[in-house]
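Q: What follows is the file start.tsv, containing TSV, C-alpha atoms and all ligand atoms:
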```tsv
chain	number	residue	atom	x	y	z
A	1	MET	CA	-64.61	-0.99	192.22
A	2	GLN	CA	-62.98	-2.33	195.36
A	3	ASN	CA	-60.46	-5.14	195.35
A	4	VAL	CA	-59.57	-7.79	197.91
A	5	ILE	CA	-56.09	-9.23	198.39
A	6	LEU	CA	-55.91	-13.03	198.36
A	7	ASN	CA	-53.59	-15.05	200.61
A	8	ASN	CA	-50.95	-15.13	197.83
A	9	GLN	CA	-51.15	-11.29	197.54
A	10	LEU	CA	-53.09	-11.40	194.25
A	11	SER	CA	-55.57	-8.54	193.92
A	12	MET	CA	-59.11	-9.57	192.94
A	13	PRO	CA	-62.16	-7.39	192.16
A	14	GLN	CA	-64.82	-7.70	194.85
A	15	LEU	CA	-67.66	-7.73	192.30
A	16	GLY	CA	-67.78	-9.68	189.07
A	17	LEU	CA	-70.11	-11.13	186.50
A	18	GLY	CA	-71.45	-14.68	186.81
A	19	THR	CA	-72.10	-16.23	183.40
A	20	MET	CA	-74.20	-19.32	184.13
A	21	ASN	CA	-77.27	-19.26	181.84
A	22	VAL	CA	-76.37	-15.75	180.65
A	23	LYS	CA	-77.47	-15.07	177.07
A	24	ASN	CA	-75.54	-13.46	174.20
A	25	LEU	CA	-72.17	-13.52	176.00
A	26	PRO	CA	-70.09	-12.59	172.90
A	27	GLN	CA	-72.09	-9.33	172.65
A	28	LEU	CA	-72.84	-8.76	176.35
A	29	LEU	CA	-69.32	-9.21	177.77
A	30	PRO	CA	-67.74	-6.23	175.94
A	31	GLN	CA	-70.63	-4.09	177.22
A	32	ALA	CA	-70.12	-5.36	180.76
A	33	ILE	CA	-66.38	-4.63	180.47
A	34	ASP	CA	-67.22	-1.10	179.26
A	35	LEU	CA	-69.34	-0.66	182.40
A	36	GLY	CA	-66.27	-1.56	184.49
A	37	TYR	CA	-66.64	-5.32	185.12
A	38	ARG	CA	-63.23	-7.01	185.27
A	39	LEU	CA	-63.97	-10.32	187.05
A	40	ILE	CA	-65.75	-12.92	184.91
A	41	ASP	CA	-66.82	-16.27	186.37
A	42	THR	CA	-67.38	-19.31	184.18
A	43	ALA	CA	-67.06	-23.10	184.55
A	44	ALA	CA	-66.61	-26.14	182.32
A	45	ASN	CA	-70.03	-27.20	183.55
A	46	TYR	CA	-71.76	-24.05	182.18
A	47	ASP	CA	-70.79	-25.08	178.64
A	48	ASN	CA	-70.15	-21.43	177.69
A	49	GLU	CA	-66.35	-21.10	177.82
A	50	ILE	CA	-66.16	-20.63	174.04
A	51	GLU	CA	-68.71	-17.78	174.20
A	52	VAL	CA	-66.90	-16.21	177.18
A	53	GLY	CA	-63.65	-16.34	175.18
A	54	GLN	CA	-65.40	-14.70	172.20
A	55	GLY	CA	-66.77	-11.97	174.47
A	56	ILE	CA	-63.27	-11.25	175.81
A	57	LYS	CA	-61.90	-11.10	172.25
A	58	ASN	CA	-64.73	-8.73	171.23
A	59	SER	CA	-63.71	-6.21	173.89
A	60	ASP	CA	-60.61	-4.12	173.37
A	61	ILE	CA	-59.36	-4.49	176.94
A	62	ASP	CA	-55.88	-5.84	177.70
A	63	ARG	CA	-56.04	-9.45	178.92
A	64	LYS	CA	-53.94	-8.52	181.95
A	65	ASP	CA	-56.68	-6.13	183.14
A	66	LEU	CA	-59.25	-8.94	183.40
A	67	PHE	CA	-59.68	-11.51	186.16
A	68	ILE	CA	-60.97	-14.74	184.60
A	69	THR	CA	-62.20	-17.64	186.74
A	70	SER	CA	-63.12	-21.09	185.55
A	71	LYS	CA	-63.97	-24.29	187.40
A	72	LEU	CA	-62.92	-27.85	186.97
A	73	LYS	CA	-65.22	-30.22	185.10
A	74	ILE	CA	-67.15	-32.01	187.83
A	75	GLN	CA	-66.28	-35.52	186.49
A	76	SER	CA	-62.60	-34.66	186.28
A	77	ASP	CA	-60.99	-38.01	187.02
A	78	GLY	CA	-58.28	-37.10	189.51
A	79	TYR	CA	-54.80	-35.67	188.90
A	80	LEU	CA	-54.27	-36.39	185.19
A	81	GLY	CA	-57.91	-35.70	184.31
A	82	THR	CA	-57.65	-32.33	186.03
A	83	LEU	CA	-54.58	-31.30	184.03
A	84	LYS	CA	-56.44	-32.23	180.84
A	85	ALA	CA	-59.66	-30.47	181.94
A	86	PHE	CA	-57.69	-27.28	182.68
A	87	ASN	CA	-56.10	-27.34	179.21
A	88	ASP	CA	-59.54	-27.95	177.63
A	89	SER	CA	-60.89	-24.87	179.44
A	90	LEU	CA	-57.92	-22.72	178.37
A	91	GLU	CA	-58.37	-23.86	174.78
A	92	LYS	CA	-62.10	-23.11	174.77
A	93	LEU	CA	-61.52	-19.70	176.35
A	94	ASP	CA	-58.63	-19.13	173.93
A	95	LEU	CA	-56.43	-17.86	176.76
A	96	ASP	CA	-52.92	-18.79	177.85
A	97	TYR	CA	-53.52	-18.48	181.59
A	98	LEU	CA	-56.38	-18.17	184.09
A	99	ASP	CA	-56.52	-15.83	187.06
A	100	LEU	CA	-58.41	-18.33	189.22
A	101	TYR	CA	-59.25	-22.02	188.87
A	102	LEU	CA	-61.60	-23.78	191.29
A	103	ILE	CA	-62.53	-27.34	192.18
A	104	HIS	CA	-66.28	-27.09	191.52
A	105	GLN	CA	-67.64	-29.65	193.99
A	106	PRO	CA	-66.19	-31.26	197.15
A	107	TYR	CA	-66.64	-34.84	195.92
A	108	GLY	CA	-64.52	-37.43	194.11
A	109	ASP	CA	-60.73	-37.44	194.08
A	110	VAL	CA	-60.41	-33.97	195.60
A	111	PHE	CA	-56.80	-34.53	196.69
A	112	GLY	CA	-55.71	-35.69	193.22
A	113	GLU	CA	-57.44	-32.64	191.77
A	114	TRP	CA	-55.80	-30.33	194.30
A	115	ARG	CA	-52.31	-31.72	193.55
A	116	ALA	CA	-52.97	-30.90	189.87
A	117	LEU	CA	-54.12	-27.37	190.75
A	118	GLU	CA	-50.95	-26.93	192.86
A	119	LYS	CA	-48.86	-27.96	189.84
A	120	LEU	CA	-50.74	-25.59	187.50
A	121	TYR	CA	-50.21	-22.78	190.01
A	122	ARG	CA	-46.48	-23.52	190.40
A	123	ASP	CA	-46.12	-23.73	186.61
A	124	GLY	CA	-47.62	-20.24	186.31
A	125	LYS	CA	-50.69	-21.36	184.31
A	126	VAL	CA	-53.07	-19.95	186.91
A	127	LYS	CA	-52.56	-17.05	189.30
A	128	ALA	CA	-54.74	-18.35	192.13
A	129	ILE	CA	-56.41	-21.66	192.99
A	130	GLY	CA	-59.36	-22.45	195.17
A	131	VAL	CA	-62.44	-24.52	195.79
A	132	SER	CA	-66.19	-24.21	195.62
A	133	ASN	CA	-68.94	-25.55	197.87
A	134	PHE	CA	-66.48	-26.68	200.56
A	135	ALA	CA	-67.69	-26.63	204.17
A	136	PRO	CA	-65.16	-25.58	206.86
A	137	PHE	CA	-64.37	-29.20	207.79
A	138	GLN	CA	-63.48	-29.89	204.15
A	139	LEU	CA	-61.30	-26.76	204.00
A	140	ILE	CA	-59.50	-27.92	207.15
A	141	ASP	CA	-58.96	-31.42	205.73
A	142	LEU	CA	-57.61	-30.06	202.42
A	143	THR	CA	-55.40	-27.44	204.07
A	144	MET	CA	-53.94	-29.87	206.62
A	145	HIS	CA	-52.92	-32.33	203.92
A	146	SER	CA	-51.65	-30.00	201.20
A	147	THR	CA	-48.84	-27.51	200.76
A	148	ILE	CA	-50.89	-24.70	199.22
A	149	LYS	CA	-53.91	-23.34	201.04
A	150	PRO	CA	-56.94	-22.55	198.82
A	151	MET	CA	-57.21	-18.82	198.12
A	152	ILE	CA	-60.99	-18.85	197.60
A	153	ASP	CA	-64.06	-20.81	198.65
A	154	GLN	CA	-67.00	-19.99	196.36
A	155	ILE	CA	-70.22	-20.91	198.18
A	156	GLU	CA	-73.94	-20.16	198.09
A	157	ILE	CA	-74.51	-16.95	200.08
A	158	HIS	CA	-77.61	-14.71	199.90
A	159	PRO	CA	-80.04	-13.18	202.40
A	160	PHE	CA	-81.96	-16.46	202.87
A	161	PHE	CA	-78.76	-18.52	203.34
A	162	GLN	CA	-76.13	-16.27	204.88
A	163	GLU	CA	-73.50	-18.87	205.83
A	164	ILE	CA	-72.22	-16.66	208.63
A	165	PRO	CA	-70.12	-19.28	210.51
A	166	GLU	CA	-68.80	-20.65	207.20
A	167	SER	CA	-67.78	-17.26	205.77
A	168	ASN	CA	-66.31	-16.19	209.12
A	169	TYR	CA	-64.26	-19.38	209.28
A	170	ALA	CA	-62.88	-18.68	205.80
A	171	LEU	CA	-62.13	-15.02	206.53
A	172	GLN	CA	-60.40	-15.86	209.82
A	173	ASN	CA	-58.24	-18.43	208.04
A	174	ASP	CA	-57.25	-16.21	205.13
A	175	ILE	CA	-59.42	-17.97	202.58
A	176	GLN	CA	-61.55	-15.46	200.66
A	177	PRO	CA	-65.28	-16.33	200.65
A	178	GLN	CA	-67.11	-15.67	197.39
A	179	SER	CA	-70.88	-15.70	197.09
A	180	TRP	CA	-72.56	-17.54	194.22
A	181	ALA	CA	-76.24	-16.77	193.58
A	182	PRO	CA	-76.20	-13.53	195.64
A	183	PHE	CA	-79.95	-13.19	194.92
A	184	GLY	CA	-80.61	-16.87	195.62
A	185	GLU	CA	-82.24	-16.87	192.17
A	186	SER	CA	-85.21	-15.41	194.12
A	187	ILE	CA	-84.86	-11.73	193.28
A	188	GLN	CA	-88.63	-11.37	192.68
A	189	ILE	CA	-89.35	-12.59	196.23
A	190	LEU	CA	-86.52	-10.60	197.83
A	191	SER	CA	-87.53	-7.40	196.02
A	192	LYS	CA	-90.99	-7.52	197.63
A	193	LEU	CA	-89.77	-7.95	201.22
A	194	PRO	CA	-90.77	-4.80	203.15
A	195	THR	CA	-87.57	-4.83	205.24
A	196	LEU	CA	-85.31	-4.84	202.18
A	197	LYS	CA	-87.51	-2.34	200.33
A	198	ALA	CA	-87.34	0.07	203.29
A	199	ILE	CA	-83.52	-0.13	203.35
A	200	ALA	CA	-83.38	0.38	199.58
A	201	ASP	CA	-85.74	3.40	199.79
A	202	ASN	CA	-83.65	4.86	202.61
A	203	HIS	CA	-80.62	4.98	200.28
A	204	GLN	CA	-82.61	5.64	197.08
A	205	ARG	CA	-81.28	2.36	195.73
A	206	THR	CA	-82.79	-0.93	194.60
A	207	VAL	CA	-83.07	-4.18	196.55
A	208	PRO	CA	-80.46	-5.94	194.33
A	209	GLN	CA	-78.05	-3.07	195.09
A	210	VAL	CA	-78.70	-3.40	198.84
A	211	ILE	CA	-78.04	-7.15	198.73
A	212	LEU	CA	-74.76	-6.71	196.85
A	213	ARG	CA	-73.72	-3.91	199.19
A	214	TRP	CA	-74.49	-6.14	202.20
A	215	LEU	CA	-72.13	-8.79	200.77
A	216	ILE	CA	-69.39	-6.24	200.08
A	217	GLN	CA	-69.64	-4.96	203.66
A	218	ARG	CA	-69.26	-8.56	204.90
A	219	ASN	CA	-65.93	-8.68	202.96
A	220	ILE	CA	-67.34	-11.24	200.57
A	221	VAL	CA	-66.62	-11.30	196.83
A	222	THR	CA	-69.71	-11.77	194.66
A	223	ILE	CA	-70.65	-12.60	191.06
A	224	PRO	CA	-74.30	-11.77	190.27
A	225	SER	CA	-75.35	-12.89	186.81
A	226	SER	CA	-77.58	-11.03	184.39
A	227	SER	CA	-78.32	-10.96	180.67
A	228	ASN	CA	-79.81	-7.48	180.99
A	229	LEU	CA	-77.58	-4.46	180.45
A	230	ASN	CA	-79.63	-2.23	182.79
A	231	HIS	CA	-79.33	-4.82	185.55
A	232	LEU	CA	-75.57	-5.10	184.93
A	233	GLU	CA	-75.23	-1.35	185.35
A	234	GLU	CA	-77.43	-1.31	188.46
A	235	ASN	CA	-75.48	-4.17	190.05
A	236	PHE	CA	-72.17	-2.45	189.39
A	237	ASN	CA	-73.13	0.81	191.10
A	238	ILE	CA	-72.79	-0.22	194.72
A	239	PHE	CA	-69.50	1.32	195.77
A	240	ASP	CA	-70.78	4.77	196.76
A	241	PHE	CA	-73.15	4.10	199.66
A	242	TYR	CA	-72.97	2.38	203.07
A	243	LEU	CA	-75.45	0.28	205.02
A	244	THR	CA	-75.63	1.10	208.72
A	245	ASN	CA	-74.93	-1.52	211.37
A	246	GLN	CA	-78.64	-1.53	212.14
A	247	GLU	CA	-79.47	-2.22	208.48
A	248	MET	CA	-76.87	-5.02	208.38
A	249	ASP	CA	-78.54	-6.51	211.52
A	250	THR	CA	-81.99	-6.24	209.93
A	251	ILE	CA	-80.82	-8.24	206.91
A	252	LYS	CA	-79.35	-10.83	209.29
A	253	GLN	CA	-82.88	-11.63	210.46
A	254	LEU	CA	-83.76	-13.01	206.98
A	255	ASP	CA	-81.36	-15.95	207.34
A	256	THR	CA	-83.16	-19.32	207.17
A	257	LYS	CA	-79.78	-21.14	207.47
A	258	LYS	CA	-80.94	-23.42	204.65
A	259	SER	CA	-79.78	-23.70	201.04
A	260	THR	CA	-82.42	-22.66	198.52
A	261	PHE	CA	-80.81	-25.03	196.00
A	262	ILE	CA	-79.08	-28.26	197.02
A	263	ASP	CA	-77.58	-28.89	200.44
A	264	HIS	CA	-74.04	-30.14	199.78
A	265	LEU	CA	-73.87	-31.82	203.17
A	266	THR	CA	-76.86	-34.15	202.73
A	267	ALA	CA	-76.62	-37.64	201.23
A	268	ASP	CA	-79.12	-36.69	198.51
A	269	GLY	CA	-77.16	-33.56	197.64
A	270	ALA	CA	-73.83	-35.41	197.49
A	271	GLU	CA	-75.32	-38.21	195.40
A	272	PHE	CA	-76.99	-35.83	192.94
A	273	LEU	CA	-74.03	-33.45	192.54
A	274	SER	CA	-71.46	-36.26	192.22
A	275	LYS	CA	-73.26	-37.41	189.07
A	276	VAL	CA	-73.42	-33.99	187.37
A	277	ASN	CA	-71.15	-33.63	184.35
A	301	LIG	N1	-69.89	-22.62	192.31
A	301	LIG	C1	-71.14	-23.02	192.15
A	301	LIG	O1	-71.50	-24.16	192.50
A	301	LIG	C2	-72.12	-22.08	191.52
A	301	LIG	C3	-73.50	-22.41	191.51
A	301	LIG	C4	-74.38	-21.49	190.92
A	301	LIG	C5	-73.91	-20.30	190.39
A	301	LIG	N2	-72.57	-20.01	190.39
A	301	LIG	C6	-72.04	-18.74	189.82
A	301	LIG	O2	-72.71	-17.65	190.44
A	301	LIG	C7	-73.28	-16.81	189.44
A	301	LIG	C8	-74.54	-16.15	189.96
A	301	LIG	O3	-75.48	-17.11	190.39
A	301	LIG	P1	-76.93	-17.33	189.73
A	301	LIG	O4	-76.91	-16.92	188.31
A	301	LIG	O5	-77.33	-18.72	190.05
A	301	LIG	O6	-77.88	-16.40	190.57
A	301	LIG	P2	-78.04	-14.83	190.87
A	301	LIG	O7	-76.91	-14.06	190.33
A	301	LIG	O8	-78.35	-14.74	192.31
A	301	LIG	O9	-79.36	-14.46	190.10
A	301	LIG	C9	-79.43	-14.30	188.73
A	301	LIG	C10	-80.85	-13.84	188.39
A	301	LIG	O10	-81.09	-12.54	188.96
A	301	LIG	C11	-81.58	-11.68	187.95
A	301	LIG	N3	-81.01	-10.34	188.20
A	301	LIG	C12	-79.70	-9.99	188.23
A	301	LIG	N4	-79.57	-8.68	188.52
A	301	LIG	C13	-80.83	-8.18	188.66
A	301	LIG	C14	-81.33	-6.90	188.95
A	301	LIG	N5	-80.53	-5.86	189.17
A	301	LIG	N6	-82.68	-6.75	189.01
A	301	LIG	C15	-83.50	-7.78	188.78
A	301	LIG	N7	-83.08	-9.03	188.51
A	301	LIG	C16	-81.74	-9.23	188.45
A	301	LIG	C17	-81.12	-12.24	186.64
A	301	LIG	O11	-82.07	-11.95	185.63
A	301	LIG	P3	-81.72	-10.97	184.38
A	301	LIG	O12	-80.84	-11.76	183.48
A	301	LIG	O13	-83.05	-10.68	183.82
A	301	LIG	O14	-81.04	-9.77	184.95
A	301	LIG	C18	-81.09	-13.75	186.91
A	301	LIG	O15	-82.34	-14.32	186.66
A	301	LIG	C19	-73.50	-17.77	188.25
A	301	LIG	O16	-73.63	-17.09	187.02
A	301	LIG	C20	-72.26	-18.60	188.31
A	301	LIG	O17	-71.18	-17.89	187.70
A	301	LIG	C21	-71.68	-20.88	190.96
```
If you convert what's in this file into structure tokens, what do you get?
A:
Amino acid sequence: MQNVILNNQLSMPQLGLGTMNVKNLPQLLPQAIDLGYRLIDTAANYDNEIEVGQGIKNSDIDRKDLFITSKLKIQSDGYLGTLKAFNDSLEKLDLDYLDLYLIHQPYGDVFGEWRALEKLYRDGKVKAIGVSNFAPFQLIDLTMHSTIKPMIDQIEIHPFFQEIPESNYALQNDIQPQSWAPFGESIQILSKLPTLKAIADNHQRTVPQVILRWLIQRNIVTIPSSSNLNHLEENFNIFDFYLTNQEMDTIKQLDTKKSTFIDHLTADGAEFLSKVN
């Protein structure tokens, strides 16, 4: 496992486990932890914080050796609502602090929410704070009008939507980019692409491993999700091979520069996501 150092000097694993729609978390998480996973990503919106907490309890690892992320309830109601939502998440997870807490969507009273995250951080309830789905202009706006700069921006990044200018902006400004949906929820399509298959064959690896390796080599943190123990093991074993510059360039050609989910910058996207609970 490799770690990255966030702008507040906190060390964070570069690969973790996403838990959205993952089944049997109380049983699966201890197995993932045995494989070496330390970063676990959940959110109020995934409605699984209780199961994540049970999974952590079922493993015999020390809490301090894990890196637990959760995200603010999307309808969080500004400053006071954010403080309450954070406490609700802690209670459900049955933890007394989080390693990372994120604003889930860049809509609503973002500044009220950020002030609350700054307070939680200063009070020692969370070791790092950040945002998700923020475009560079939104990062600039937040950073220029706040005292603490976000440590993370978790955004959609995969071979079909590479977000190169966005991730470069974050890296250059000491905000760690993190990829959600590293397989774009299209692993069946990606696995059949001859270009990716050829790279995988060249290293005697699988296409999912090549995609995760490509993200690691771009200095991006990633959180693939899986309910399958074999896939968890496969996804974890990516720290002992290197893609060449030519292979990295080949993958670059797959970029469509379009979200395969919901474009956060369109009116439809903003309207839809602002209503999600
Ligand atoms: N911040 C946000 O707005 C946001 C949005 C979406 C997601 N996320 C986070 O990002 C995490 C990952 O995103 P995601 O779950 O949407 O997509 P993903 O990780 O790109 O894809 C998950 C899918 O890939 C399959 N898979 C995983 N490893 C595989 C392997 N080695 N071989 C074959 N199939 C494999 C899984 O099936 P199996 O279970 O069969 O392995 C699952 O269907 C989420 O869990 C969540 O924590 C954040």
Q: Output the neighbourhood of ligand LIG 301 (chain A) as a VMD selection string, that is, all protein and nucleic acid residues with some atom at most 6 Å from the ligand, counting all atoms listed in the file.
A: chain A and resid 18 to 20 41 to 42 104 132 154 180 to 185 187 208 223 to 228 231 234 to 235
Q: Point out the residue among A:Leu190, A:Leu17, A:Ile56, A:Leu98 with the least atom-to-atom distance to Lys127 of chain A, counting all atoms listed in the file.
A: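 Closest residue, counting all atoms listed in the file: A:Leu98.
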Q: Determine the nearest neighbour of Tyr79 of chain A from the options A:Phe111, A:Phe241, A:Tyr101, A:Tyr121, counting only C-alpha atoms.
A: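 When distances to Tyr79 of chain A are compared using only C-alpha atoms, the smallest one comes from A:Phe111.
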Q: Compare A:Asp249, A:Leu39, A:Met144, A:Pro106 by their minimum atom-to-atom distance to Gly269 of chain A, counting all atoms listed in the file, and give me the closest one.
A: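 Answer, going by the shortest atom-to-atom distance: A:Pro106.
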Q: Which neighbours of Gln253 of chain A fall inside 12 Å, counting all atoms listed in the file, when residues of the same chain fewer than 6 positions from it are skipped, and could you give them as a ChimeraX atom specification?
A: /A:159-162,164,195-196,246-247
Q: Can you write out as a tab-separated table which residues of segment 220-277 of chain A fall within 10 Å of segment 4-13 of chain A, alongside each residue's closest atom pair and its distance in Å to one decimal, counting only C-alpha atoms and ordering rows by chain and ascending residue number?
A:
```
residue	atom	partner	partner_atom	distance
A:Ile220	CA	A:Val4	CA	8.9
A:Val221	CA	A:Pro13	CA	7.5
A:Thr222	CA	A:Pro13	CA	9.1
```
